[in-house]
Amino acid sequence: MSEASTHSGGLKRSLLSVTFGLVAAGILIQLSGYNALAAYGALWTGATGLQAGPAMGPADITIGTGHLDLFQLAQSLATITPLLLCGLAVAVGLRAGLFNIGAQGQMTVGALAAASVGLIGSSVHGALPALIHVPLTIAAGAVVGAAWGGLAGLLKAWRGVHEVISTIMLNFIGIDLATYLVSHNLRDPHSQNLQTTTIAPSALLSPIVAHSNLTVGLFLAIAAAIGMNYLISRTSAGFMVRAVGNNPEAAEANGISTGRTLLFTMALSGGLAGIAGALEVMGVHHRYVDGLAGSYGFDGIAVALLAGLSGGGAILSAIFFGLLASGSDSMQATISVPAPVAVVVQAIVIIFVGVRYLPFLRKREIPLPTPPS
């Protein structure tokens with residue numbers, strides 16, 4: 001079977017999963033005493049910013065008899081950035097046969113590291129030029145996230161510790177360690193909240209739409225998805241990742257170091273999640289805030305599975321889950337449908353998509369993939 005036909009089949013299954021999820025959630029909404037069509041109309045409005053009536057704000061765009069609320073659309077798109085990066089983190093691990101449940105902790109420690117580097121020069125405006133400070137802050141999140149993920153990879157390669165166990169435990173350690181530090185050494189002395197002081201202006205990412213959370217971080221996340229797709233499918237490192245994921249014993253017999261590949265994969269996975277944390281600090285909160293990672297690390301599992309573990313699919317998958325999360329708030333405010341209904345949709349979609357990945361999580365006897373030319 002060709003690669004194109006495989007991707008086509010995966011896309012069809014993903015679309016069917018989404019359709020079944022939306023239909024099932026619509027039935028649930030209707031049985032709960034709400035109008036499902038009106039609820040989905042409100043969800044669509046909140047997700048896309050397309051609304052009836054004349055334009056309200058100076059930046060809104062008139063479309064026929066309605067208008068596009070650019071701020072609302074920007075806020076929806078902003079949620080895609082951490083979802084996409086965490087989805088990529090999970091997908092990379094799965095390509096090597098590793099189930100990374102630790103994106104939550106990796107994103108947290110990456111965010112705290114980025115905030116710490118972002119604080120450099122915060123008391124003196126322009127102490128570092130933005131051209132240096134911005135990439136340095138992102139790199140801090142990536143490096144610390146990679147170290148946190150790489151630790152799980154090291155435990156797997158060195159002592160055979162299952163990555164699900166180690167990443168879950170590292171989640172607790174990373175989150176609690178960050179909470180301790182932001183409660184003591186790094187705490188903002190002028191606030192009662194568990195947070196650091198605001199990072200330096202030179203480390204901030206400016207909003208694309210005024211007062212929104214949408215920054216160039218979204219384009220960085222998309223670039224990461226494209227880069228990951230190229231890495232996995234076109235490079236020797238990606239070939240080793242796929243080989244170990246398909247059959248580690250056969251890969252070892254063919255001269256591929258399983259241990260080094262597992263370590264590399266988990267470090268790459270953690271680095272992507274760490275970048276997600278850094279971008280949340282730089283573009284959304286402008287500081288580290290306790291609980292900053294929310295549920296992005298676990299939502300990334302849904303993004304990766306719906307995407308079929310591909311970089312291109314992850315972009316579409318992150319858009320779906322990001323718009324769904326944003327639209328649920330509008331659905332709750334307009335139609336009074338509880339926002340957790342969106343979680344029901346995600347859960348149903350994950351069930352339909354995840355069933356076909358059950359064999360992937362067990363030991364498989366599959367021939368080595370063809371090396372890149």
# chains A, B, ... in the order shown; residues from 1 in each chain; ligands from 1
$ residues_around --residues "range 219-228 of chain A" --least-positions-apart "2" --cutoff "7 Å" --atoms "only C-alpha atoms" --output "list of chain:residue names"
A:Thr81, A:Leu84, A:Leu85, A:Leu88, A:Val216, A:Gly217, A:Tyr230, A:Leu231, A:Ile232, A:Gly311, A:Gly312, A:Ile315
$ residues_around --residues "Ala347 in chain A" --least-positions-apart "3" --cutoff "12 Å" --atoms "only C-alpha atoms" --output "ChimeraX atom specification"
/A:17-18,20-22,24-25,298-299,301-303,305-306,321,340-344,350-354
$ closest_residue --among "A:Ala139, A:Gly97, A:Trp44, A:Arg260" --to "Asn247 in chain A" --atoms "only C-alpha atoms"
A:Gly97
$ residues_around --residues "range 288-292 of chain A" --least-positions-apart "2" --cutoff "8 Å" --atoms "only C-alpha atoms" --output "list of chain:residue names"
A:Thr108, A:Ala111, A:Leu112, A:Ala115, A:Ala178, A:Thr179, A:Val182, A:Leu194, A:Gln195, A:Thr196, A:Thr197, A:Gly277, A:Glu280, A:Val281, A:His285, A:His286, A:Gly294
$ write_last_selection --atoms "C-alpha atoms" --output "JSON list (two decimals), in the first residue's frame"
[["chain", "number", "residue", "atom", "x", "y", "z"],
["A", 108, "THR", "CA", 5.68, 23.22, 33.02],
["A", 111, "ALA", "CA", 7.73, 27.47, 31.02],
["A", 112, "LEU", "CA", 9.47, 28.08, 34.35],
["A", 115, "ALA", "CA", 10.30, 32.79, 32.66],
["A", 178, "ALA", "CA", 7.71, 24.57, 39.88],
["A", 179, "THR", "CA", 5.01, 25.32, 42.47],
["A", 182, "VAL", "CA", 7.25, 30.08, 42.40],
["A", 194, "LEU", "CA", 1.68, 32.02, 42.76],
["A", 195, "GLN", "CA", 3.54, 33.63, 39.88],
["A", 196, "THR", "CA", 6.82, 35.24, 38.93],
["A", 197, "THR", "CA", 7.24, 38.92, 38.17],
["A", 277, "GLY", "CA", 5.53, 26.39, 27.82],
["A", 280, "GLU", "CA", 2.69, 30.61, 26.81],
["A", 281, "VAL", "CA", 4.96, 32.65, 29.09],
["A", 285, "HIS", "CA", 0.81, 35.33, 30.58],
["A", 286, "HIS", "CA", 4.05, 37.36, 30.28],
["A", 294, "GLY", "CA", -3.58, 23.59, 32.15]]
$ select_by_dssp --residues "range 15-57 of chain A" --states "alpha helix (DSSP H)" --output "JSON, numbers by chain"
{"A": [15, 16, 17, 18, 19, 20, 21, 22, 23, 24, 25, 26, 27, 28, 29, 30, 31, 36, 37, 38, 39, 40, 41, 42, 43, 44, 45, 46, 47, 48]}
$ write_last_selection --atoms "C-alpha atoms" --output "CSV table (one decimal), in the first residue's frame"
chain,number,residue,atom,x,y,z
A,15,LEU,CA,-13.0,12.6,9.7
A,16,LEU,CA,-15.4,9.8,10.6
A,17,SER,CA,-14.3,9.9,14.2
A,18,VAL,CA,-14.9,13.6,14.4
A,19,THR,CA,-18.3,13.2,12.7
A,20,PHE,CA,-19.4,10.4,15.1
A,21,GLY,CA,-18.2,12.5,18.1
A,22,LEU,CA,-20.1,15.6,17.0
A,23,VAL,CA,-23.3,13.6,16.3
A,24,ALA,CA,-23.1,11.8,19.6
A,25,ALA,CA,-22.5,15.0,21.5
A,26,GLY,CA,-25.4,16.6,19.6
A,27,ILE,CA,-27.7,13.8,20.7
A,28,LEU,CA,-26.5,14.3,24.3
A,29,ILE,CA,-27.2,18.1,24.1
A,30,GLN,CA,-30.7,17.5,22.7
A,31,LEU,CA,-31.5,14.9,25.4
A,36,ALA,CA,-28.4,21.0,19.5
A,37,LEU,CA,-28.4,23.1,16.3
A,38,ALA,CA,-28.5,26.4,18.2
A,39,ALA,CA,-25.7,25.1,20.5
A,40,TYR,CA,-23.5,24.2,17.5
A,41,GLY,CA,-24.3,27.5,15.9
A,42,ALA,CA,-23.0,29.3,19.1
A,43,LEU,CA,-20.0,27.0,19.1
A,44,TRP,CA,-19.2,27.9,15.5
A,45,THR,CA,-19.5,31.6,16.3
A,46,GLY,CA,-17.3,31.5,19.3
A,47,ALA,CA,-14.7,29.4,17.4
A,48,THR,CA,-14.5,31.4,14.2
$ decode --residues "range 248-298 of chain A" --atoms "N, CA and C atoms" --output "short mmCIF file (atom, residue, chain, number, x, y, z; two decimals), in the first residue's frame"
data_model
loop_
_atom_site.label_atom_id
_atom_site.label_comp_id
_atom_site.auth_asym_id
_atom_site.auth_seq_id
_atom_site.Cartn_x
_atom_site.Cartn_y
_atom_site.Cartn_z
N PRO A 248 12.06 -2.94 17.76
CA PRO A 248 13.35 -2.60 18.37
C PRO A 248 14.39 -3.71 18.25
N GLU A 249 13.96 -4.97 18.32
CA GLU A 249 14.92 -6.08 18.21
C GLU A 249 15.54 -6.12 16.82
N ALA A 250 14.70 -5.97 15.80
CA ALA A 250 15.22 -5.97 14.43
C ALA A 250 16.10 -4.76 14.18
N ALA A 251 15.73 -3.62 14.76
CA ALA A 251 16.54 -2.42 14.59
C ALA A 251 17.92 -2.61 15.22
N GLU A 252 17.96 -3.20 16.41
CA GLU A 252 19.23 -3.46 17.09
C GLU A 252 20.08 -4.44 16.29
N ALA A 253 19.44 -5.44 15.72
CA ALA A 253 20.16 -6.43 14.93
C ALA A 253 20.75 -5.82 13.66
N ASN A 254 20.15 -4.72 13.21
CA ASN A 254 20.64 -4.05 12.00
C ASN A 254 21.57 -2.89 12.31
N GLY A 255 22.06 -2.82 13.55
CA GLY A 255 23.08 -1.84 13.89
C GLY A 255 22.57 -0.52 14.42
N ILE A 256 21.29 -0.42 14.69
CA ILE A 256 20.73 0.82 15.23
C ILE A 256 20.73 0.74 16.75
N SER A 257 21.28 1.74 17.40
CA SER A 257 21.32 1.77 18.86
C SER A 257 19.94 2.14 19.40
N THR A 258 19.25 1.16 19.96
CA THR A 258 17.92 1.41 20.50
C THR A 258 17.97 2.41 21.65
N GLY A 259 18.95 2.26 22.53
CA GLY A 259 19.06 3.14 23.69
C GLY A 259 19.22 4.59 23.30
N ARG A 260 20.16 4.87 22.39
CA ARG A 260 20.39 6.25 21.96
C ARG A 260 19.17 6.81 21.24
N THR A 261 18.50 5.97 20.47
CA THR A 261 17.31 6.43 19.74
C THR A 261 16.18 6.78 20.70
N LEU A 262 15.99 5.96 21.73
CA LEU A 262 14.95 6.25 22.72
C LEU A 262 15.27 7.55 23.46
N LEU A 263 16.52 7.74 23.82
CA LEU A 263 16.93 8.95 24.51
C LEU A 263 16.71 10.18 23.62
N PHE A 264 17.12 10.07 22.35
CA PHE A 264 16.95 11.17 21.40
C PHE A 264 15.47 11.51 21.22
N THR A 265 14.65 10.49 21.08
CA THR A 265 13.23 10.70 20.84
C THR A 265 12.55 11.38 22.01
N MET A 266 12.82 10.92 23.22
CA MET A 266 12.19 11.51 24.39
C MET A 266 12.70 12.93 24.64
N ALA A 267 13.95 13.19 24.33
CA ALA A 267 14.48 14.54 24.47
C ALA A 267 13.81 15.48 23.47
N LEU A 268 13.65 15.01 22.23
CA LEU A 268 12.97 15.81 21.21
C LEU A 268 11.53 16.07 21.62
N SER A 269 10.88 15.04 22.12
CA SER A 269 9.50 15.16 22.57
C SER A 269 9.37 16.20 23.69
N GLY A 270 10.25 16.09 24.69
CA GLY A 270 10.22 17.04 25.79
C GLY A 270 10.56 18.45 25.35
N GLY A 271 11.45 18.59 24.38
CA GLY A 271 11.81 19.91 23.88
C GLY A 271 10.64 20.62 23.24
N LEU A 272 9.82 19.88 22.48
CA LEU A 272 8.64 20.47 21.86
C LEU A 272 7.64 20.95 22.91
N ALA A 273 7.43 20.13 23.94
CA ALA A 273 6.53 20.55 25.02
C ALA A 273 7.10 21.74 25.78
N GLY A 274 8.42 21.77 25.96
CA GLY A 274 9.06 22.90 26.62
C GLY A 274 8.89 24.20 25.85
N ILE A 275 8.94 24.12 24.53
CA ILE A 275 8.71 25.31 23.70
C ILE A 275 7.28 25.80 23.88
N ALA A 276 6.34 24.88 23.99
CA ALA A 276 4.94 25.27 24.23
C ALA A 276 4.84 26.09 25.52
N GLY A 277 5.54 25.65 26.56
CA GLY A 277 5.53 26.39 27.82
C GLY A 277 6.16 27.76 27.68
N ALA A 278 7.27 27.83 26.95
CA ALA A 278 7.94 29.11 26.75
C ALA A 278 7.05 30.10 26.01
N LEU A 279 6.35 29.64 24.99
CA LEU A 279 5.48 30.53 24.21
C LEU A 279 4.28 31.02 25.02
N GLU A 280 3.79 30.18 25.93
CA GLU A 280 2.69 30.61 26.81
C GLU A 280 3.17 31.73 27.74
N VAL A 281 4.40 31.61 28.23
CA VAL A 281 4.96 32.65 29.09
C VAL A 281 5.16 33.95 28.31
N MET A 282 5.73 33.84 27.12
CA MET A 282 6.13 35.02 26.36
C MET A 282 4.97 35.73 25.67
N GLY A 283 3.94 34.97 25.29
CA GLY A 283 2.88 35.58 24.50
C GLY A 283 1.54 35.70 25.17
N VAL A 284 1.30 34.94 26.26
CA VAL A 284 -0.02 34.91 26.89
C VAL A 284 0.01 35.51 28.29
N HIS A 285 0.81 34.91 29.19
CA HIS A 285 0.81 35.33 30.58
C HIS A 285 1.87 36.38 30.91
N HIS A 286 2.93 36.42 30.09
CA HIS A 286 4.05 37.36 30.28
C HIS A 286 4.78 37.12 31.60
N ARG A 287 4.61 35.95 32.16
CA ARG A 287 5.27 35.51 33.39
C ARG A 287 4.92 34.04 33.57
N TYR A 288 5.59 33.39 34.52
CA TYR A 288 5.15 32.03 34.86
C TYR A 288 4.04 32.13 35.89
N VAL A 289 2.92 31.44 35.61
CA VAL A 289 1.78 31.39 36.51
C VAL A 289 1.55 29.94 36.90
N ASP A 290 1.35 29.68 38.18
CA ASP A 290 1.13 28.31 38.63
C ASP A 290 -0.07 27.70 37.90
N GLY A 291 0.12 26.49 37.37
CA GLY A 291 -0.94 25.84 36.60
C GLY A 291 -1.00 26.30 35.17
N LEU A 292 0.06 26.94 34.69
CA LEU A 292 0.09 27.49 33.32
C LEU A 292 -0.18 26.44 32.26
N ALA A 293 0.27 25.22 32.47
CA ALA A 293 0.12 24.17 31.45
C ALA A 293 -1.31 23.71 31.28
N GLY A 294 -2.18 24.01 32.26
CA GLY A 294 -3.58 23.59 32.15
C GLY A 294 -3.68 22.10 31.90
N SER A 295 -4.41 21.74 30.84
CA SER A 295 -4.51 20.33 30.45
C SER A 295 -3.91 20.10 29.07
N TYR A 296 -3.08 21.07 28.60
CA TYR A 296 -2.52 20.97 27.24
C TYR A 296 -1.71 19.70 27.04
N GLY A 297 -0.95 19.29 28.05
CA GLY A 297 -0.13 18.11 27.90
C GLY A 297 -0.93 16.85 27.63
N PHE A 298 -2.07 16.72 28.30
CA PHE A 298 -2.93 15.55 28.08
C PHE A 298 -3.79 15.71 26.83
#
